[in-house]
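Visitor: The file below is upload-v5.cif, mmCIF, C-alpha atoms:
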data_query
#
loop_
_atom_site.label_atom_id
_atom_site.label_comp_id
_atom_site.auth_asym_id
_atom_site.auth_seq_id
_atom_site.Cartn_x
_atom_site.Cartn_y
_atom_site.Cartn_z
CA MET A 100 93.90 40.92 53.43
CA THR A 101 93.80 39.15 50.07
CA GLN A 102 90.63 37.85 48.52
CA ARG A 103 91.91 34.27 48.84
CA HIS A 104 92.69 34.77 52.52
CA GLU A 105 89.22 36.21 53.10
CA GLN A 106 87.70 33.21 51.35
CA LEU A 107 89.73 30.77 53.44
CA GLU A 108 88.27 32.49 56.52
CA GLN A 109 84.83 31.56 55.21
CA LEU A 110 85.49 27.82 55.01
CA SER A 111 84.00 27.00 58.41
CA ALA A 112 80.87 29.01 57.65
CA TYR A 113 80.65 27.18 54.31
CA LEU A 114 80.85 23.83 56.10
CA ASP A 115 78.07 24.91 58.44
CA GLY A 116 75.78 26.09 55.64
CA GLU A 117 75.97 29.64 56.97
CA LEU A 118 76.91 31.44 53.74
CA GLY A 119 74.71 33.19 51.22
CA GLU A 120 74.34 31.79 47.74
CA ALA A 121 76.99 34.02 46.10
CA GLU A 122 79.56 33.37 48.83
CA ARG A 123 78.86 29.65 48.67
CA ARG A 124 79.50 29.60 44.93
CA ASP A 125 82.75 31.54 45.42
CA ILE A 126 83.98 28.99 47.96
CA GLU A 127 83.06 26.07 45.72
CA ALA A 128 85.02 27.68 42.87
CA LEU A 129 88.01 28.22 45.16
CA VAL A 130 87.96 24.66 46.45
CA GLY A 131 87.65 23.38 42.88
CA ARG A 132 90.85 25.08 41.73
CA ASP A 133 92.95 25.27 44.91
CA PRO A 134 94.22 21.98 46.42
CA GLU A 135 95.40 23.72 49.61
CA ALA A 136 91.95 25.17 50.20
CA ARG A 137 90.41 21.77 49.48
CA ASN A 138 92.72 20.11 51.98
CA LEU A 139 91.98 22.76 54.61
CA LEU A 140 88.25 22.33 54.09
CA GLU A 141 88.54 18.57 54.52
CA GLY A 142 90.60 19.01 57.70
CA LEU A 143 88.03 21.38 59.14
CA ARG A 144 85.21 19.00 58.22
CA GLN A 145 86.92 16.08 59.96
CA THR A 146 87.69 18.21 63.00
CA SER A 147 84.07 19.29 63.28
CA GLU A 148 82.79 15.73 62.84
CA LEU A 149 85.24 14.37 65.41
CA LEU A 150 84.09 16.93 67.98
CA GLY A 151 80.50 16.06 67.23
CA SER A 152 81.23 12.38 67.89
CA LEU A 153 82.45 12.92 71.45
CA PRO A 154 80.48 11.12 74.18
CA ARG A 155 77.50 12.77 75.78
CA GLY A 156 76.46 12.62 79.40
CA THR A 157 73.01 12.87 80.89
CA ALA A 158 71.81 15.14 83.64
CA PRO A 159 70.95 13.56 86.99
CA PRO A 160 67.42 12.11 86.73
CA ASP A 161 66.31 14.01 89.83
CA LEU A 162 67.51 17.38 88.55
CA ALA A 163 64.04 18.91 88.29
CA THR A 164 63.25 17.81 91.86
CA SER A 165 66.52 19.31 93.10
CA VAL A 166 65.84 22.57 91.30
CA THR A 167 62.31 22.76 92.68
CA ALA A 168 63.54 22.04 96.22
CA ARG A 169 66.14 24.77 95.90
CA LEU A 170 63.53 27.21 94.65
CA GLU A 171 61.18 26.38 97.50
CA ARG A 172 64.01 26.88 99.98
CA HIS A 173 64.73 30.21 98.36
CA GLU A 174 61.09 31.25 98.64
CA LEU A 175 60.87 30.16 102.26
CA LEU A 176 64.21 31.39 103.52
CA GLY A 177 65.29 33.95 100.97
CA ASP A 178 68.46 31.97 100.25
CA SER A 179 70.62 33.13 97.42
CA ALA A 180 70.34 31.03 94.24
CA MET B 274 64.69 31.99 64.72
CA LYS B 275 64.50 29.04 62.34
CA ALA B 276 61.04 28.27 60.96
CA SER B 277 61.20 24.70 62.27
CA SER B 278 61.47 25.94 65.85
CA VAL B 279 58.50 28.31 65.79
CA ALA B 280 55.97 25.74 67.07
CA CYS B 281 58.36 24.72 69.84
CA HIS B 282 58.87 28.39 70.72
CA LEU B 283 55.11 28.93 71.04
CA GLU B 284 54.76 25.97 73.39
CA GLU B 285 57.69 27.29 75.39
CA ALA B 286 56.03 30.67 75.68
CA GLU B 287 52.98 29.00 77.23
CA LEU B 288 55.18 27.16 79.72
CA VAL B 289 57.02 30.38 80.57
CA ASP B 290 53.67 32.11 81.19
CA LEU B 291 52.67 29.30 83.56
CA CYS B 292 56.02 29.61 85.35
CA ARG B 293 55.33 33.31 85.88
CA GLN B 294 52.06 32.34 87.52
CA GLY B 295 54.00 30.15 89.95
CA GLU B 296 53.21 26.83 88.28
CA HIS B 297 56.21 24.68 89.24
CA SER B 298 55.10 21.77 87.06
CA ALA B 299 55.52 24.00 84.00
CA PHE B 300 59.07 24.77 84.99
CA GLU B 301 59.77 21.09 85.54
CA LYS B 302 58.70 20.50 81.95
CA LEU B 303 61.18 23.10 80.77
CA VAL B 304 63.88 21.51 82.90
CA HIS B 305 63.18 18.05 81.48
CA ARG B 306 63.22 19.40 77.94
CA TYR B 307 66.68 20.95 78.16
CA GLN B 308 68.44 19.35 81.11
CA ASP B 309 70.64 16.92 79.17
CA ARG B 310 71.82 19.48 76.61
CA VAL B 311 72.41 22.10 79.28
CA PHE B 312 74.26 19.56 81.40
CA ASN B 313 76.46 18.54 78.48
CA THR B 314 77.29 22.14 77.69
CA CYS B 315 78.24 22.82 81.32
CA TRP B 316 80.25 19.59 81.53
CA ARG B 317 82.20 20.23 78.39
CA ILE B 318 83.01 23.82 79.24
CA CYS B 319 83.93 23.33 82.91
CA GLY B 320 85.35 19.81 82.48
CA ASN B 321 84.10 18.34 85.75
CA HIS B 322 81.07 16.08 86.04
CA SER B 323 79.93 16.93 89.58
CA GLU B 324 80.57 20.63 89.07
CA ALA B 325 78.52 20.45 85.86
CA GLU B 326 75.62 18.99 87.86
CA ASP B 327 75.78 21.94 90.25
CA LEU B 328 76.09 24.44 87.41
CA THR B 329 73.12 22.93 85.58
CA GLN B 330 71.02 23.13 88.71
CA GLU B 331 72.16 26.69 89.38
CA ALA B 332 71.39 27.74 85.80
CA PHE B 333 67.79 26.53 86.02
CA VAL B 334 67.32 28.09 89.46
CA LYS B 335 68.62 31.44 88.21
CA ALA B 336 66.38 31.18 85.16
CA LEU B 337 63.22 30.68 87.18
CA LEU B 338 64.06 33.29 89.79
CA ALA B 339 64.49 35.82 86.99
CA ILE B 340 61.62 34.56 84.83
CA ASP B 341 59.88 37.95 85.00
CA ARG B 342 62.88 39.55 83.30
CA PHE B 343 62.95 36.97 80.50
CA ASP B 344 62.59 38.64 77.10
CA GLU B 345 60.09 36.57 75.13
CA ARG B 346 61.49 37.75 71.82
CA SER B 347 64.20 35.15 72.42
CA GLY B 348 63.53 31.48 72.99
CA PHE B 349 63.72 30.12 76.51
CA TYR B 350 66.45 27.75 75.32
CA THR B 351 68.58 30.72 74.24
CA TRP B 352 68.18 32.20 77.70
CA ILE B 353 68.93 29.03 79.67
CA PHE B 354 71.97 28.28 77.50
CA ARG B 355 73.20 31.84 77.99
CA ILE B 356 72.96 31.51 81.77
CA ALA B 357 74.54 28.04 81.76
CA THR B 358 77.36 29.03 79.42
CA ASN B 359 78.21 32.14 81.41
CA LEU B 360 78.21 30.19 84.68
CA SER B 361 80.42 27.48 83.18
CA ILE B 362 82.91 29.91 81.68
CA SER B 363 83.17 31.70 85.03
CA ALA B 364 83.63 28.41 86.88
CA ARG B 365 86.30 27.33 84.43
CA ARG B 366 88.15 30.62 84.83
CA LYS B 367 88.03 30.33 88.60
CA ALA B 368 89.42 26.81 88.41
CA GLY B 369 92.27 28.04 86.22
CA ARG B 370 94.69 25.90 84.36
CA ARG B 371 95.05 23.39 87.20
CA ALA B 372 91.51 22.32 86.45
CA THR B 373 89.97 19.10 85.49
CA TYR B 374 91.21 18.89 81.96
CA SER B 375 94.83 18.34 82.90
CA LEU B 376 96.86 17.35 79.90
CA ASN B 377 98.46 14.72 82.10
CA ARG B 378 96.65 11.83 83.67
CA PRO B 379 94.99 12.89 86.88
CA THR B 380 96.75 12.27 90.14
CA ARG B 381 95.45 12.00 93.67
CA GLY B 382 94.67 15.47 94.87
CA ASP B 383 93.50 16.78 91.51
CA ASP B 384 89.91 17.89 91.40
CA PHE B 385 89.69 15.45 88.50
CA GLU B 386 87.32 12.89 89.89
CA PRO B 387 87.44 9.30 88.63
CA GLY B 388 84.72 8.72 86.10
CA GLY B 389 83.97 12.39 86.10
CA SER B 390 85.47 13.64 82.87
CA PRO B 391 84.72 12.83 79.25
CA GLU B 392 88.22 11.37 78.99
CA ASP B 393 87.46 9.02 81.87
CA GLN B 394 84.30 8.01 80.12
CA LEU B 395 86.30 7.12 77.02
CA ARG B 396 88.75 5.09 79.10
CA ALA B 397 85.85 3.35 80.85
CA ASP B 398 84.48 2.30 77.48
CA GLY B 399 87.62 0.20 77.09
CA PRO B 400 89.79 -0.23 74.03
CA GLY B 401 87.47 -2.63 72.21
CA PRO B 402 88.32 -3.90 68.74
CA ASP B 403 91.17 -2.30 66.82
CA GLU B 404 88.92 0.00 64.85
CA ARG B 405 87.14 1.25 67.96
CA ALA B 406 90.45 1.73 69.73
CA SER B 407 91.49 3.98 66.90
CA ASP B 408 88.28 5.99 67.20
CA SER B 409 88.75 6.16 70.95
CA GLU B 410 92.29 7.45 70.49
CA ARG B 411 91.06 10.14 68.11
CA GLN B 412 88.33 11.16 70.52
CA ALA B 413 90.76 11.32 73.45
CA ALA B 414 93.04 13.53 71.35
CA ALA B 415 90.05 15.72 70.45
CA LEU B 416 89.14 16.10 74.14
CA THR B 417 92.67 17.13 75.01
CA ALA B 418 92.81 19.56 72.10
CA ARG B 419 89.46 21.06 72.97
CA ALA B 420 90.48 21.42 76.62
CA SER B 421 93.46 23.52 75.56
CA LEU B 422 91.26 26.16 73.93
CA GLU B 423 90.54 29.33 75.85
CA GLU B 424 87.05 29.49 77.34
CA GLU B 425 85.28 31.55 74.69
CA GLN B 426 86.59 29.42 71.84
CA ARG B 427 85.72 26.21 73.68
CA ALA B 428 82.19 27.43 74.35
CA ILE B 429 81.60 28.31 70.73
CA VAL B 430 82.91 24.96 69.46
CA ILE B 431 80.68 23.14 71.94
CA LEU B 432 77.59 25.13 71.00
CA ARG B 433 78.17 24.54 67.29
CA ASP B 434 79.82 21.15 66.85
CA MET B 435 78.14 19.35 69.75
CA GLU B 436 74.87 21.14 70.31
CA SER B 437 74.35 22.07 66.63
CA PHE B 438 73.19 25.62 67.24
CA GLY B 439 73.06 27.96 64.23
CA TYR B 440 75.33 30.98 64.12
CA ASP B 441 72.40 33.31 64.84
CA GLU B 442 71.48 31.29 67.92
CA ILE B 443 75.09 31.20 69.14
CA ALA B 444 75.28 34.97 68.68
CA GLU B 445 72.22 35.35 70.91
CA ILE B 446 73.48 32.92 73.53
CA LEU B 447 76.92 34.50 73.78
CA GLU B 448 75.66 38.02 73.09
CA ILE B 449 78.21 38.67 70.37
CA PRO B 450 77.81 39.65 66.69
CA ILE B 451 77.38 36.86 64.11
CA GLY B 452 80.61 37.99 62.45
CA THR B 453 82.42 37.28 65.72
CA VAL B 454 80.79 33.86 65.93
CA LYS B 455 82.02 33.11 62.43
CA SER B 456 85.60 34.25 62.95
CA ARG B 457 85.97 32.83 66.48
CA LEU B 458 84.62 29.43 65.46
CA HIS B 459 86.90 29.31 62.43
CA ARG B 460 89.96 30.18 64.50
CA ALA B 461 89.01 27.56 67.08
CA ARG B 462 88.65 24.87 64.43
CA LEU B 463 91.97 25.86 62.83
CA ALA B 464 93.67 25.52 66.22
CA LEU B 465 92.02 22.15 66.83
CA ARG B 466 92.94 20.91 63.37
CA GLU B 467 96.56 21.82 64.04
CA LYS B 468 96.53 20.05 67.40
CA LEU B 469 94.94 16.99 65.82
CA ALA B 470 97.53 16.72 63.06
CA GLY B 471 98.31 13.06 62.57
CA LYS B 472 94.90 12.01 63.89
CA LEU B 473 92.99 13.22 60.86
CA ASP B 474 93.08 11.68 57.39
CA THR B 475 94.34 14.92 55.84
CA ALA B 476 97.49 16.92 56.47
#
Would you mind writing the structure in this file as structure tokens?

Guide:
Amino acid sequence: MTQRHEQLEQLSAYLDGELGEAERRDIEALVGRDPEARNLLEGLRQTSELLGSLPRGTAPPDLATSVTARLERHELLGDSA
Amino acid sequence: MKASSVACHLEEAELVDLCRQGEHSAFEKLVHRYQDRVFNTCWRICGNHSEAEDLTQEAFVKALLAIDRFDERSGFYTWIFRIATNLSISARRKAGRRATYSLNRPTRGDDFEPGGSPEDQLRADGPGPDERASDSERQAAALTARASLEEEQRAIVILRDMESFGYDEIAEILEIPIGTVKSRLHRARLALREKLAGKLDTA
């Protein structure tokens, strides 16, 4: 595996702030000189942001009550969870 | 564990201790704290709203029944997300490819209940102004792309890009090395980027 390929594999971790200082500097140097790497980084960033923008749901408001009732039934009857 | 979560972890430890003493109100507090995030994770992995409700409930029940085996070196949230993620991945596998995230629109007889999927929720929001319609289209494409990922990749994308867990936390939840988190997440994003070609501003 080439050094460039290894660095491209690090782009997601760079986006997520999960690289050490030396690796981060290496990626920034790569992106500064390599348009393909820059484009890939931007595509990954947009992909991540798009996924993060997807709608959220909320749990049923009576979830805790349902869980407690199920636990009490388990304690009383020995039901499986 | 991140420094910012230490105080939260300590409070959790107290609640877990109370749970071990049979204090149901303490467990209800833990449920309230995490129920929406756990529900979302289940929903996004399994793809079905009502099944996600059952899985969320089952995850919390399993957690409390096994509270004596909980390892306090990890946060309770790590533990509950591990249980919920494993349950959801198993449910998704059992459902197979016929499942709720059909690439086609659902038809009568599918277990794709109206209003039950994230895609339905997007459709229910309506097209809105042009700009919002464009966003909605991109989100619908992202849902379809995400649904096409295999279970482990989908779970990791959900834990990172939607629930904002750090790599170390994801490694704990999924019980895999951080290096695997890094490579699996990158491959998942590459696959999604490819599937979303034409929907993103870059090539």

Visitor: What would the list of residues within 10 Å of (78.6, 25.5, 62.3) (file frame) look like as a CSV table (one decimal) with C-alpha atoms, in the coordinates of the input, if all atoms listed in the file are what count?

Guide:
chain,number,residue,atom,x,y,z
A,111,SER,CA,84.0,27.0,58.4
A,112,ALA,CA,80.9,29.0,57.6
A,113,TYR,CA,80.6,27.2,54.3
A,114,LEU,CA,80.8,23.8,56.1
A,115,ASP,CA,78.1,24.9,58.4
A,116,GLY,CA,75.8,26.1,55.6
A,117,GLU,CA,76.0,29.6,57.0
A,147,SER,CA,84.1,19.3,63.3
B,429,ILE,CA,81.6,28.3,70.7
B,430,VAL,CA,82.9,25.0,69.5
B,432,LEU,CA,77.6,25.1,71.0
B,433,ARG,CA,78.2,24.5,67.3
B,434,ASP,CA,79.8,21.2,66.8
B,435,MET,CA,78.1,19.4,69.8
B,436,GLU,CA,74.9,21.1,70.3
B,437,SER,CA,74.4,22.1,66.6
B,438,PHE,CA,73.2,25.6,67.2
B,439,GLY,CA,73.1,28.0,64.2
B,440,TYR,CA,75.3,31.0,64.1
B,443,ILE,CA,75.1,31.2,69.1
B,454,VAL,CA,80.8,33.9,65.9
B,455,LYS,CA,82.0,33.1,62.4
B,458,LEU,CA,84.6,29.4,65.5
B,459,HIS,CA,86.9,29.3,62.4

Visitor: To test your reading of the syntax: which residues would the PyMOL selection byres ((chain A) within 7 of (chain B)) return for the file shown? Reply as a PyMOL selection string.

Guide: chain A and resi 108+111-112+138+141-143+145-147+149-151+153-158+162-163+166+170+180

Visitor: Starting from the PyMOL selection byres ((chain A and resi 137) around 12), expand the selection into actual residues of this file and give them as a PyMOL selection string.

Guide: (chain A and resi 106-107+110+114+126-136+138-144) or (chain B and resi 475-476)

Visitor: Could you tell me how far atom CA of Phe349 of chain B sits from atom CA of Leu288 of chain B, in Å to one decimal place?

Guide: 9.6 Å

Visitor: Could you check the closest approach to Arg103 of chain A for each of A:Leu118, A:Pro160, A:Asp125, A:Glu171 and tell me which residue wins, using only C-alpha atoms?

Guide: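 Comparing A:Leu118, A:Pro160, A:Asp125, A:Glu171 against Arg103 of chain A, the winner is A:Asp125.
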
Visitor: Please list, as a compact mmCIF listing (two decimals) with C-alpha atoms, keeping the file's coordinate frame, the residues that have an atom at most 10 Å away from (71.3, 33.1, 75.1) in the coordinates of this file, counting only C-alpha atoms.

Guide:
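Saved to selection.txt:
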# COMPACT_ATOMS: atom_id res chain seq x y z
CA SER B 347 64.20 35.15 72.42
CA GLY B 348 63.53 31.48 72.99
CA PHE B 349 63.72 30.12 76.51
CA TYR B 350 66.45 27.75 75.32
CA THR B 351 68.58 30.72 74.24
CA TRP B 352 68.18 32.20 77.70
CA ILE B 353 68.93 29.03 79.67
CA PHE B 354 71.97 28.28 77.50
CA ARG B 355 73.20 31.84 77.99
CA ILE B 356 72.96 31.51 81.77
CA ALA B 357 74.54 28.04 81.76
CA THR B 358 77.36 29.03 79.42
CA ASN B 359 78.21 32.14 81.41
CA GLU B 442 71.48 31.29 67.92
CA ILE B 443 75.09 31.20 69.14
CA ALA B 444 75.28 34.97 68.68
CA GLU B 445 72.22 35.35 70.91
CA ILE B 446 73.48 32.92 73.53
CA LEU B 447 76.92 34.50 73.78
CA GLU B 448 75.66 38.02 73.09

Visitor: Just how far from atom CA of Glu285 of chain B is atom CA of Ile362 of chain B, in Å to one decimal?

Guide: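 If I compute the distance from atom CA of Ile362 of chain B to atom CA of Glu285 of chain B, I get 26.1 Å.
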